[in-house]
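With PDB, C-alpha atoms inside, this is start_39.pdb:
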```pdb
ATOM      1  CA  MET A 233       0.000   0.000   0.000
ATOM      2  CA  ILE A 234       1.171   3.501  -0.867
ATOM      3  CA  LYS A 235      -0.615   6.493   0.643
ATOM      4  CA  SER A 236       0.008  10.173  -0.017
ATOM      5  CA  HIS A 237      -0.819  12.674   2.720
ATOM      6  CA  ASN A 238      -1.206  16.335   1.649
ATOM      7  CA  LEU A 239       1.758  16.113  -0.707
ATOM      8  CA  THR A 240       2.889  19.526  -1.970
ATOM      9  CA  LYS A 241       5.784  20.437  -4.258
ATOM     10  CA  SER A 242       6.877  23.776  -5.730
ATOM     11  CA  TYR A 243       9.859  25.276  -7.521
ATOM     12  CA  ILE A 244      11.372  28.724  -7.930
ATOM     13  CA  HIS A 245      11.072  30.335 -11.369
ATOM     14  CA  ASN A 246      12.141  33.924 -12.075
ATOM     15  CA  GLY A 247      12.240  34.613  -8.367
ATOM     16  CA  ARG A 248       8.700  33.390  -7.741
ATOM     17  CA  LYS A 249       7.520  30.226  -6.062
ATOM     18  CA  THR A 250       5.293  28.180  -8.362
ATOM     19  CA  ASN A 251       3.270  25.163  -7.285
ATOM     20  CA  VAL A 252       3.700  21.915  -9.191
ATOM     21  CA  PHE A 253       0.912  20.353  -7.146
ATOM     22  CA  GLN A 254      -0.658  20.995  -3.768
ATOM     23  CA  ASP A 255      -2.190  18.798  -1.048
ATOM     24  CA  LEU A 256      -2.320  15.564  -3.049
ATOM     25  CA  ASN A 257      -4.100  12.750  -1.229
ATOM     26  CA  PHE A 258      -4.420   9.308  -2.763
ATOM     27  CA  THR A 259      -4.047   5.618  -1.904
ATOM     28  CA  ILE A 260      -2.726   2.805  -4.097
ATOM     29  CA  GLU A 261      -3.553  -0.596  -2.661
ATOM     30  CA  THR A 262      -1.269  -3.604  -3.005
ATOM     31  CA  GLY A 263      -2.138  -5.523  -6.152
ATOM     32  CA  GLN A 264      -3.122  -2.403  -8.110
ATOM     33  CA  SER A 265      -1.141  -1.021 -11.032
ATOM     34  CA  VAL A 266      -1.830   2.612 -11.828
ATOM     35  CA  ALA A 267      -1.329   4.854 -14.850
ATOM     36  CA  LEU A 268      -0.220   8.371 -13.930
ATOM     37  CA  LEU A 269      -1.748  10.746 -16.485
ATOM     38  CA  GLY A 270      -1.466  14.467 -17.168
ATOM     39  CA  ARG A 271      -0.229  16.894 -19.795
ATOM     40  CA  ASN A 272       3.442  17.855 -20.078
ATOM     41  CA  GLY A 273       4.486  19.844 -17.028
ATOM     42  CA  ALA A 274       1.669  18.550 -14.826
ATOM     43  CA  GLY A 275       4.163  17.058 -12.356
ATOM     44  CA  LYS A 276       4.084  13.351 -13.244
ATOM     45  CA  SER A 277       7.843  12.822 -13.192
ATOM     46  CA  THR A 278       8.155  15.007 -10.105
ATOM     47  CA  LEU A 279       5.611  12.858  -8.279
ATOM     48  CA  LEU A 280       7.406   9.662  -9.318
ATOM     49  CA  ARG A 281      10.698  11.045  -8.025
ATOM     50  CA  ILE A 282       9.100  11.862  -4.678
ATOM     51  CA  LEU A 283       7.597   8.370  -4.493
ATOM     52  CA  GLY A 284      11.029   6.933  -5.301
ATOM     53  CA  GLY A 285      12.760   9.001  -2.610
ATOM     54  CA  ILE A 286      14.815  11.075  -5.050
ATOM     55  CA  LEU A 287      13.040  14.390  -4.383
ATOM     56  CA  LEU A 288      11.655  15.774  -1.149
ATOM     57  CA  ALA A 289       8.205  17.293  -0.963
ATOM     58  CA  ASP A 290       7.752  20.813   0.402
ATOM     59  CA  ARG A 291       5.278  19.358   2.853
ATOM     60  CA  GLY A 292       3.227  16.221   3.293
ATOM     61  CA  PHE A 293       4.583  12.700   3.198
ATOM     62  CA  ILE A 294       4.338   9.252   1.619
ATOM     63  CA  GLN A 295       3.339   6.268   3.753
ATOM     64  CA  SER A 296       4.052   2.778   2.418
ATOM     65  CA  ASP A 297       4.519  -0.808   3.552
ATOM     66  CA  CYS A 298       6.288  -1.990   0.403
ATOM     67  CA  SER A 299       9.582  -1.584  -1.425
ATOM     68  CA  ILE A 300       9.473   1.033  -4.191
ATOM     69  CA  SER A 301      11.977   1.334  -7.021
ATOM     70  CA  TRP A 302      13.603   4.497  -8.228
ATOM     71  CA  PRO A 303      12.069   5.617 -11.567
ATOM     72  CA  VAL A 304      13.071   2.880 -14.014
ATOM     73  CA  GLY A 305      15.658   4.088 -16.501
ATOM     74  CA  LEU A 306      16.331   7.263 -14.513
ATOM     75  CA  ARG A 307      19.079   9.322 -16.141
ATOM     76  CA  GLY A 308      21.636  11.126 -14.028
ATOM     77  CA  GLY A 309      22.406   8.400 -11.508
ATOM     78  CA  PHE A 310      25.567   7.146 -13.207
ATOM     79  CA  VAL A 311      29.043   8.683 -12.853
ATOM     80  CA  PRO A 312      30.089   9.712 -16.391
ATOM     81  CA  ALA A 313      33.803   8.899 -16.032
ATOM     82  CA  MET A 314      33.199   5.424 -14.603
ATOM     83  CA  THR A 315      32.579   2.394 -16.796
ATOM     84  CA  GLY A 316      29.216   0.719 -17.039
ATOM     85  CA  ARG A 317      30.512  -2.162 -14.943
ATOM     86  CA  GLN A 318      31.859   0.181 -12.262
ATOM     87  CA  ASN A 319      28.575   2.110 -12.104
ATOM     88  CA  VAL A 320      26.509  -1.059 -11.767
ATOM     89  CA  THR A 321      28.891  -2.374  -9.098
ATOM     90  CA  PHE A 322      28.618   0.885  -7.159
ATOM     91  CA  VAL A 323      24.805   0.916  -7.196
ATOM     92  CA  SER A 324      24.660  -2.782  -6.316
ATOM     93  CA  LYS A 325      26.884  -2.224  -3.283
ATOM     94  CA  ILE A 326      24.592   0.547  -2.089
ATOM     95  CA  TYR A 327      21.668  -1.899  -2.038
ATOM     96  CA  LEU A 328      23.458  -5.143  -1.185
ATOM     97  CA  GLY A 329      26.391  -4.016   0.930
ATOM     98  CA  ASN A 330      29.607  -5.993   0.562
ATOM     99  CA  ASP A 331      27.983  -9.311  -0.301
ATOM    100  CA  ARG A 332      30.404 -10.065  -3.119
ATOM    101  CA  SER A 333      28.472 -12.950  -4.659
ATOM    102  CA  GLN A 334      25.204 -10.991  -4.880
ATOM    103  CA  VAL A 335      26.938  -7.901  -6.254
ATOM    104  CA  GLU A 336      28.687  -9.964  -8.909
ATOM    105  CA  GLU A 337      25.388 -11.630  -9.808
ATOM    106  CA  LYS A 338      23.751  -8.222 -10.432
ATOM    107  CA  VAL A 339      26.749  -7.006 -12.453
ATOM    108  CA  ARG A 340      26.585 -10.104 -14.672
ATOM    109  CA  TRP A 341      22.809  -9.838 -15.049
ATOM    110  CA  VAL A 342      22.984  -6.229 -16.285
ATOM    111  CA  GLU A 343      25.894  -7.090 -18.574
ATOM    112  CA  GLU A 344      23.916  -9.892 -20.215
ATOM    113  CA  PHE A 345      20.694  -7.918 -20.462
ATOM    114  CA  SER A 346      22.172  -4.697 -21.842
ATOM    115  CA  GLU A 347      24.179  -6.491 -24.541
ATOM    116  CA  LEU A 348      26.837  -3.771 -24.575
ATOM    117  CA  GLY A 349      29.728  -6.143 -25.180
ATOM    118  CA  ALA A 350      33.119  -4.436 -24.777
ATOM    119  CA  TYR A 351      31.417  -1.107 -24.030
ATOM    120  CA  TYR A 352      30.377  -2.423 -20.607
ATOM    121  CA  ASP A 353      34.001  -1.724 -19.586
ATOM    122  CA  LYS A 354      34.218   1.684 -21.234
ATOM    123  CA  PRO A 355      33.308   5.066 -19.662
ATOM    124  CA  PHE A 356      29.616   5.791 -19.419
ATOM    125  CA  ASN A 357      30.106   9.171 -21.103
ATOM    126  CA  SER A 358      31.233   7.379 -24.258
ATOM    127  CA  TYR A 359      27.867   5.627 -24.650
ATOM    128  CA  SER A 360      25.246   6.521 -27.209
ATOM    129  CA  SER A 361      21.772   7.458 -26.006
ATOM    130  CA  GLY A 362      20.509   3.974 -26.845
ATOM    131  CA  MET A 363      23.331   2.297 -24.939
ATOM    132  CA  ARG A 364      22.624   4.456 -21.895
ATOM    133  CA  SER A 365      18.943   3.519 -22.029
ATOM    134  CA  ARG A 366      19.817  -0.180 -22.151
ATOM    135  CA  ILE A 367      22.112  -0.193 -19.149
ATOM    136  CA  MET A 368      19.897   2.105 -17.058
ATOM    137  CA  PHE A 369      16.821   0.028 -17.751
ATOM    138  CA  GLY A 370      18.773  -3.133 -16.955
ATOM    139  CA  MET A 371      20.118  -1.634 -13.732
ATOM    140  CA  SER A 372      16.613  -0.725 -12.609
ATOM    141  CA  MET A 373      15.157  -4.136 -13.382
ATOM    142  CA  ALA A 374      18.031  -6.098 -11.841
ATOM    143  CA  PHE A 375      16.520  -5.619  -8.390
ATOM    144  CA  ASP A 376      13.234  -6.998  -7.097
ATOM    145  CA  PHE A 377      10.767  -4.370  -5.870
ATOM    146  CA  ASP A 378       7.143  -4.603  -4.790
ATOM    147  CA  VAL A 379       6.361  -1.533  -6.907
ATOM    148  CA  TYR A 380       8.202  -0.328 -10.001
ATOM    149  CA  LEU A 381       8.021   3.340 -10.994
ATOM    150  CA  ILE A 382       8.146   3.425 -14.794
ATOM    151  CA  ASP A 383       8.588   6.831 -16.417
ATOM    152  CA  GLU A 384       8.364   6.929 -20.218
ATOM    153  CA  VAL A 385      10.572   3.877 -20.722
ATOM    154  CA  THR A 386      11.377   3.353 -24.389
ATOM    155  CA  SER A 387      13.280   0.285 -25.506
ATOM    156  CA  ALA A 388      16.350   1.138 -27.517
ATOM    157  CA  GLY A 389      17.613  -1.199 -30.174
ATOM    158  CA  ASP A 390      16.130  -3.473 -32.774
ATOM    159  CA  GLU A 391      12.823  -5.296 -32.646
ATOM    160  CA  ARG A 392      14.379  -8.319 -30.961
ATOM    161  CA  PHE A 393      15.721  -6.181 -28.100
ATOM    162  CA  ARG A 394      12.423  -4.315 -27.746
ATOM    163  CA  ASN A 395      10.613  -7.632 -27.486
ATOM    164  CA  LYS A 396      13.123  -8.715 -24.867
ATOM    165  CA  THR A 397      12.371  -5.613 -22.813
ATOM    166  CA  SER A 398       8.601  -6.083 -23.133
ATOM    167  CA  GLU A 399       8.923  -9.692 -21.995
ATOM    168  CA  LEU A 400      10.917  -8.601 -18.951
ATOM    169  CA  LEU A 401       8.227  -6.080 -18.011
ATOM    170  CA  ARG A 402       5.567  -8.773 -18.270
ATOM    171  CA  GLU A 403       7.673 -11.043 -16.073
ATOM    172  CA  ARG A 404       8.128  -8.383 -13.398
ATOM    173  CA  HIS A 405       4.450  -7.472 -13.525
ATOM    174  CA  SER A 406       3.482 -11.011 -12.563
ATOM    175  CA  ASN A 407       4.943 -10.405  -9.083
ATOM    176  CA  SER A 408       5.027  -6.622  -8.712
ATOM    177  CA  ASP A 409       2.806  -3.583  -9.202
ATOM    178  CA  PHE A 410       3.540  -0.713 -11.586
ATOM    179  CA  ILE A 411       3.011   3.036 -11.420
ATOM    180  CA  MET A 412       3.465   4.092 -15.029
ATOM    181  CA  VAL A 413       3.883   7.334 -16.937
ATOM    182  CA  SER A 414       3.612   7.057 -20.711
ATOM    183  CA  HIS A 415       2.254   9.093 -23.594
ATOM    184  CA  ASN A 416       1.562   5.760 -25.287
ATOM    185  CA  LEU A 417      -1.923   5.517 -23.793
ATOM    186  CA  TRP A 418      -2.664   2.309 -25.645
ATOM    187  CA  GLY A 419       0.384   0.650 -24.088
ATOM    188  CA  LEU A 420      -0.806   1.488 -20.561
ATOM    189  CA  GLU A 421      -3.681  -0.943 -20.985
ATOM    190  CA  PHE A 422      -1.283  -3.883 -20.864
ATOM    191  CA  HIS A 423      -0.202  -3.137 -17.307
ATOM    192  CA  CYS A 424      -2.622  -0.791 -15.521
ATOM    193  CA  GLU A 425      -6.173  -1.021 -14.217
ATOM    194  CA  ARG A 426      -6.619   2.350 -12.483
ATOM    195  CA  ALA A 427      -5.551   5.906 -13.257
ATOM    196  CA  LEU A 428      -4.449   8.998 -11.385
ATOM    197  CA  LEU A 429      -4.707  12.225 -13.365
ATOM    198  CA  LEU A 430      -2.690  15.312 -12.431
ATOM    199  CA  HIS A 431      -4.366  18.521 -13.582
ATOM    200  CA  ASN A 432      -3.858  22.122 -12.470
ATOM    201  CA  GLY A 433      -1.996  21.098  -9.326
ATOM    202  CA  SER A 434      -4.564  18.609  -8.058
ATOM    203  CA  ILE A 435      -5.260  14.933  -8.627
ATOM    204  CA  MET A 436      -8.267  13.015  -9.970
ATOM    205  CA  LYS A 437      -8.726   9.319  -9.225
ATOM    206  CA  PHE A 438     -10.296   6.735 -11.512
ATOM    207  CA  ASP A 439     -11.014   3.118 -10.664
ATOM    208  CA  ASP A 440     -11.337   2.445 -14.395
ATOM    209  CA  LEU A 441      -8.298   3.149 -16.591
ATOM    210  CA  HIS A 442     -10.346   3.816 -19.722
ATOM    211  CA  GLU A 443     -12.432   6.458 -17.954
ATOM    212  CA  GLY A 444      -9.261   8.181 -16.770
ATOM    213  CA  ILE A 445      -7.786   8.166 -20.282
ATOM    214  CA  ALA A 446     -11.017   9.584 -21.723
ATOM    215  CA  VAL A 447     -11.033  12.480 -19.227
ATOM    216  CA  HIS A 448      -7.325  13.064 -19.859
ATOM    217  CA  LYS A 449      -7.929  13.354 -23.611
ATOM    218  CA  GLU A 450     -10.735  15.870 -23.062
ATOM    219  CA  LEU A 451      -8.578  17.990 -20.760
ATOM    220  CA  LEU A 452      -5.820  18.071 -23.368
ATOM    221  CA  LYS A 453      -8.218  19.949 -25.665
ATOM    222  CA  MET A 454      -8.593  22.743 -23.102
ATOM    223  CA  PRO A 455      -6.202  25.723 -22.822
ATOM    224  CA  LEU A 456      -3.461  25.285 -20.267
ATOM    225  CA  SER A 457      -4.116  27.222 -17.081
ATOM    226  CA  PRO A 458      -1.198  29.292 -15.737
ATOM    227  CA  PRO A 459       0.655  27.712 -12.806
ATOM    228  CA  GLY A 460      -0.185  28.921  -9.351
ATOM    229  CA  ASN A 461       2.287  31.505  -8.066
ATOM    230  CA  ILE A 462       2.869  32.180  -4.404
TER     231      ILE A 462
END
```
With the file now loaded, output its structure as structure tokens.
Amino acid sequence: MIKSHNLTKSYIHNGRKTNVFQDLNFTIETGQSVALLGRNGAGKSTLLRILGGILLADRGFIQSDCSISWPVGLRGGFVPAMTGRQNVTFVSKIYLGNDRSQVEEKVRWVEEFSELGAYYDKPFNSYSSGMRSRIMFGMSMAFDFDVYLIDEVTSAGDERFRNKTSELLRERHSNSDFIMVSHNLWGLEFHCERALLLHNGSIMKFDDLHEGIAVHKELLKMPLSPPGNI
């Protein structure tokens, strides 16, 4: 179960404090996978980062009794000068401590999944965008979480690799819940049953995914309201 209590987040723009969202209250029960909807700039990625413990809210808090991933495929968590192998080893040690056998298992798993070959031992800043997506997605999925936060994951590579990624998501979904952000609304239907819709700093809850998508599409036709300044 994940429960949000009066969650509020803002940022400073041109010297003024602007709300991303304010006093969000919602509950996601265990066994439910949820699509997080909203137009660009509504705060979807910000909310995922708060749920994943990467950002702090201005006020309010998240209550949960489950393990929650960081946003899958999150960019920015790798050290550019370190190799792919070194980055994966570093992250694995953060989660697994100095258990050498488990760390090595994760490093091998990501190496096999990402299919980077010799580039696995080259600096991360030498990777193409597609190579970075592969290793970051693999790093995220190498660990078992009760809930995976999936933010606009796109599978890099050829059709075979994209199918491989889709199969891995289906495998994880058999034992874990998803909170997903994607502009591919059709694709959300494969994994989600409910929807949360961020709009004008507040949240709307839908027990039926299709109803949430329909309301989202209607709201996209409306002019964007200016953000709330404080």
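Ranking A:Tyr327, A:Ile234, A:Glu443, A:Gly433 by their shortest atom-to-atom distance to Val252 of chain A, with only C-alpha atoms included, puts A:Gly433 first.
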Residue members of the PyMOL selection byres ((chain A and resi 310) around 9) in the file shown, as JSON, numbers by chain: {"A": [307, 308, 309, 311, 312, 313, 314, 316, 319, 320, 323, 356, 368]}
Between atom CA of Ser242 of chain A and atom CA of Arg271 of chain A, what distance in Å does the model show, to one decimal? 17.2 Å
Can you pull out the residues contacting Lys235 of chain A? Cut-off 9 Å, using all atoms listed in the file, and skip same-chain residues under 3 positions away; I want them as a PyMOL selection string. chain A and resi 257-261+293-296
As an exercise, work out the distance from atom CA of Leu381 of chain A to atom CA of Leu269 of chain A in Å and give it to one decimal place. 13.4 Å
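Taking atom CA of Val379 of chain A and atom CA of Phe345 of chain A as the two end points, the separation is 20.7 Å.
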Just need the box for segment 315-328 of chain A, edges along x, y and z, holding every atom the file lists for it with 3 Å tacked onto each side, so centre and edge lengths in Å to one decimal, as lines of an AutoDock Vina configuration file.
```
center_x = 27.1
center_y = -1.4
center_z = -9.1
size_x = 16.9
size_y = 13.5
size_z = 21.9
```
Could you list, with a cut-off of 12 Å and counting only C-alpha atoms, the residues of segment 276-352 of chain A near segment 388-404 of chain A, each shown with its nearest atom pair and the distance in Å rounded to one decimal, rows sorted by chain and ascending number, as a Markdown table?
```
| residue | atom | partner | partner_atom | distance |
| --- | --- | --- | --- | --- |
| A:Val304 | CA | A:Leu401 | CA | 10.9 |
| A:Gly305 | CA | A:Ala388 | CA | 11.4 |
| A:Glu344 | CA | A:Lys396 | CA | 11.8 |
| A:Phe345 | CA | A:Lys396 | CA | 8.8 |
| A:Ser346 | CA | A:Phe393 | CA | 9.1 |
| A:Glu347 | CA | A:Phe393 | CA | 9.2 |
| A:Leu348 | CA | A:Gly389 | CA | 11.1 |
```
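Of the listed residues A:Lys338, A:Arg291, A:Lys437, A:His405, the one whose atoms come nearest to His423 of chain A is A:His405, with distances taken using all atoms listed in the file.
For the set A:Pro303, A:Pro355, A:Gly349, A:Gly329, the residue with the smallest atom-to-atom gap to Gly284 of chain A is A:Pro303, counting all atoms listed in the file.
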Once the PyMOL selection byres ((chain A and resi 439-442) around 9) has been evaluated on this model, what residues remain selected, and can you format them as a compact mmCIF listing (two decimals) with C-alpha atoms, in the frame of the given file?
```txt
# COMPACT_ATOMS: atom_id res chain seq x y z
CA VAL A 266 -1.83 2.61 -11.83
CA ALA A 267 -1.33 4.85 -14.85
CA LEU A 420 -0.81 1.49 -20.56
CA GLU A 421 -3.68 -0.94 -20.98
CA CYS A 424 -2.62 -0.79 -15.52
CA GLU A 425 -6.17 -1.02 -14.22
CA ARG A 426 -6.62 2.35 -12.48
CA ALA A 427 -5.55 5.91 -13.26
CA LEU A 428 -4.45 9.00 -11.38
CA LYS A 437 -8.73 9.32 -9.22
CA PHE A 438 -10.30 6.74 -11.51
CA GLU A 443 -12.43 6.46 -17.95
CA GLY A 444 -9.26 8.18 -16.77
CA ILE A 445 -7.79 8.17 -20.28
CA ALA A 446 -11.02 9.58 -21.72
CA VAL A 447 -11.03 12.48 -19.23
```
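Distance annotation: of A:Gly362, A:Gly247, A:Gly275, A:Gly285, the residue with the minimal separation from Ile300 of chain A is A:Gly285; atom set is only C-alpha atoms.
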What would segment 316-349 of chain A look like with N, CA and C atoms restored, written as a PDB file, keeping the file's coordinate frame?
```pdb
ATOM      1  N   GLY A 316      30.511   1.300 -17.347  1.00  0.00           N
ATOM      2  CA  GLY A 316      29.216   0.719 -17.039  1.00  0.00           C
ATOM      3  C   GLY A 316      29.323  -0.284 -15.914  1.00  0.00           C
ATOM      4  N   ARG A 317      30.329  -1.148 -15.986  1.00  0.00           N
ATOM      5  CA  ARG A 317      30.512  -2.162 -14.943  1.00  0.00           C
ATOM      6  C   ARG A 317      30.742  -1.523 -13.578  1.00  0.00           C
ATOM      7  N   GLN A 318      31.577  -0.488 -13.533  1.00  0.00           N
ATOM      8  CA  GLN A 318      31.859   0.181 -12.262  1.00  0.00           C
ATOM      9  C   GLN A 318      30.612   0.846 -11.695  1.00  0.00           C
ATOM     10  N   ASN A 319      29.803   1.476 -12.567  1.00  0.00           N
ATOM     11  CA  ASN A 319      28.575   2.110 -12.104  1.00  0.00           C
ATOM     12  C   ASN A 319      27.600   1.082 -11.535  1.00  0.00           C
ATOM     13  N   VAL A 320      27.429  -0.025 -12.232  1.00  0.00           N
ATOM     14  CA  VAL A 320      26.509  -1.059 -11.767  1.00  0.00           C
ATOM     15  C   VAL A 320      27.007  -1.665 -10.456  1.00  0.00           C
ATOM     16  N   THR A 321      28.315  -1.858 -10.341  1.00  0.00           N
ATOM     17  CA  THR A 321      28.891  -2.374  -9.098  1.00  0.00           C
ATOM     18  C   THR A 321      28.634  -1.423  -7.941  1.00  0.00           C
ATOM     19  N   PHE A 322      28.820  -0.129  -8.200  1.00  0.00           N
ATOM     20  CA  PHE A 322      28.618   0.885  -7.159  1.00  0.00           C
ATOM     21  C   PHE A 322      27.177   0.887  -6.659  1.00  0.00           C
ATOM     22  N   VAL A 323      26.214   0.906  -7.595  1.00  0.00           N
ATOM     23  CA  VAL A 323      24.805   0.916  -7.196  1.00  0.00           C
ATOM     24  C   VAL A 323      24.446  -0.378  -6.473  1.00  0.00           C
ATOM     25  N   SER A 324      24.954  -1.495  -6.946  1.00  0.00           N
ATOM     26  CA  SER A 324      24.660  -2.782  -6.316  1.00  0.00           C
ATOM     27  C   SER A 324      25.170  -2.828  -4.881  1.00  0.00           C
ATOM     28  N   LYS A 325      26.340  -2.245  -4.638  1.00  0.00           N
ATOM     29  CA  LYS A 325      26.884  -2.224  -3.283  1.00  0.00           C
ATOM     30  C   LYS A 325      26.056  -1.351  -2.349  1.00  0.00           C
ATOM     31  N   ILE A 326      25.463  -0.297  -2.906  1.00  0.00           N
ATOM     32  CA  ILE A 326      24.592   0.547  -2.089  1.00  0.00           C
ATOM     33  C   ILE A 326      23.417  -0.269  -1.557  1.00  0.00           C
ATOM     34  N   TYR A 327      22.857  -1.125  -2.413  1.00  0.00           N
ATOM     35  CA  TYR A 327      21.668  -1.899  -2.038  1.00  0.00           C
ATOM     36  C   TYR A 327      22.001  -3.218  -1.361  1.00  0.00           C
ATOM     37  N   LEU A 328      23.146  -3.799  -1.674  1.00  0.00           N
ATOM     38  CA  LEU A 328      23.458  -5.143  -1.185  1.00  0.00           C
ATOM     39  C   LEU A 328      24.620  -5.172  -0.197  1.00  0.00           C
ATOM     40  N   GLY A 329      25.241  -4.030   0.042  1.00  0.00           N
ATOM     41  CA  GLY A 329      26.391  -4.016   0.930  1.00  0.00           C
ATOM     42  C   GLY A 329      27.585  -4.697   0.273  1.00  0.00           C
ATOM     43  N   ASN A 330      28.384  -5.363   1.066  1.00  0.00           N
ATOM     44  CA  ASN A 330      29.607  -5.993   0.562  1.00  0.00           C
ATOM     45  C   ASN A 330      29.445  -7.490   0.335  1.00  0.00           C
ATOM     46  N   ASP A 331      28.218  -7.908   0.051  1.00  0.00           N
ATOM     47  CA  ASP A 331      27.983  -9.311  -0.301  1.00  0.00           C
ATOM     48  C   ASP A 331      28.494  -9.528  -1.726  1.00  0.00           C
ATOM     49  N   ARG A 332      29.721 -10.009  -1.827  1.00  0.00           N
ATOM     50  CA  ARG A 332      30.404 -10.065  -3.119  1.00  0.00           C
ATOM     51  C   ARG A 332      29.657 -10.915  -4.136  1.00  0.00           C
ATOM     52  N   SER A 333      29.140 -12.053  -3.712  1.00  0.00           N
ATOM     53  CA  SER A 333      28.472 -12.950  -4.659  1.00  0.00           C
ATOM     54  C   SER A 333      27.210 -12.323  -5.231  1.00  0.00           C
ATOM     55  N   GLN A 334      26.422 -11.635  -4.393  1.00  0.00           N
ATOM     56  CA  GLN A 334      25.204 -10.991  -4.880  1.00  0.00           C
ATOM     57  C   GLN A 334      25.527  -9.814  -5.789  1.00  0.00           C
ATOM     58  N   VAL A 335      26.543  -9.032  -5.424  1.00  0.00           N
ATOM     59  CA  VAL A 335      26.938  -7.901  -6.254  1.00  0.00           C
ATOM     60  C   VAL A 335      27.384  -8.395  -7.625  1.00  0.00           C
ATOM     61  N   GLU A 336      28.210  -9.424  -7.643  1.00  0.00           N
ATOM     62  CA  GLU A 336      28.687  -9.964  -8.909  1.00  0.00           C
ATOM     63  C   GLU A 336      27.545 -10.518  -9.749  1.00  0.00           C
ATOM     64  N   GLU A 337      26.559 -11.109  -9.085  1.00  0.00           N
ATOM     65  CA  GLU A 337      25.388 -11.630  -9.808  1.00  0.00           C
ATOM     66  C   GLU A 337      24.643 -10.504 -10.522  1.00  0.00           C
ATOM     67  N   LYS A 338      24.441  -9.362  -9.827  1.00  0.00           N
ATOM     68  CA  LYS A 338      23.751  -8.222 -10.432  1.00  0.00           C
ATOM     69  C   LYS A 338      24.563  -7.648 -11.600  1.00  0.00           C
ATOM     70  N   VAL A 339      25.879  -7.562 -11.404  1.00  0.00           N
ATOM     71  CA  VAL A 339      26.749  -7.006 -12.453  1.00  0.00           C
ATOM     72  C   VAL A 339      26.674  -7.882 -13.703  1.00  0.00           C
ATOM     73  N   ARG A 340      26.687  -9.192 -13.523  1.00  0.00           N
ATOM     74  CA  ARG A 340      26.585 -10.104 -14.672  1.00  0.00           C
ATOM     75  C   ARG A 340      25.219 -10.004 -15.336  1.00  0.00           C
ATOM     76  N   TRP A 341      24.172  -9.885 -14.513  1.00  0.00           N
ATOM     77  CA  TRP A 341      22.809  -9.838 -15.049  1.00  0.00           C
ATOM     78  C   TRP A 341      22.646  -8.609 -15.953  1.00  0.00           C
ATOM     79  N   VAL A 342      23.105  -7.458 -15.489  1.00  0.00           N
ATOM     80  CA  VAL A 342      22.984  -6.229 -16.285  1.00  0.00           C
ATOM     81  C   VAL A 342      23.849  -6.329 -17.541  1.00  0.00           C
ATOM     82  N   GLU A 343      25.023  -6.926 -17.418  1.00  0.00           N
ATOM     83  CA  GLU A 343      25.894  -7.090 -18.574  1.00  0.00           C
ATOM     84  C   GLU A 343      25.210  -7.924 -19.652  1.00  0.00           C
ATOM     85  N   GLU A 344      24.582  -9.017 -19.249  1.00  0.00           N
ATOM     86  CA  GLU A 344      23.916  -9.892 -20.215  1.00  0.00           C
ATOM     87  C   GLU A 344      22.682  -9.229 -20.810  1.00  0.00           C
ATOM     88  N   PHE A 345      21.923  -8.534 -19.963  1.00  0.00           N
ATOM     89  CA  PHE A 345      20.694  -7.918 -20.462  1.00  0.00           C
ATOM     90  C   PHE A 345      20.987  -6.768 -21.413  1.00  0.00           C
ATOM     91  N   SER A 346      21.931  -5.915 -21.064  1.00  0.00           N
ATOM     92  CA  SER A 346      22.172  -4.697 -21.842  1.00  0.00           C
ATOM     93  C   SER A 346      22.834  -4.976 -23.187  1.00  0.00           C
ATOM     94  N   GLU A 347      23.535  -6.092 -23.288  1.00  0.00           N
ATOM     95  CA  GLU A 347      24.179  -6.491 -24.541  1.00  0.00           C
ATOM     96  C   GLU A 347      25.122  -5.410 -25.076  1.00  0.00           C
ATOM     97  N   LEU A 348      25.911  -4.833 -24.181  1.00  0.00           N
ATOM     98  CA  LEU A 348      26.837  -3.771 -24.575  1.00  0.00           C
ATOM     99  C   LEU A 348      28.189  -4.306 -25.029  1.00  0.00           C
ATOM    100  N   GLY A 349      28.452  -5.573 -24.772  1.00  0.00           N
ATOM    101  CA  GLY A 349      29.728  -6.143 -25.180  1.00  0.00           C
ATOM    102  C   GLY A 349      30.894  -5.429 -24.516  1.00  0.00           C
TER     103      GLY A 349
END
```
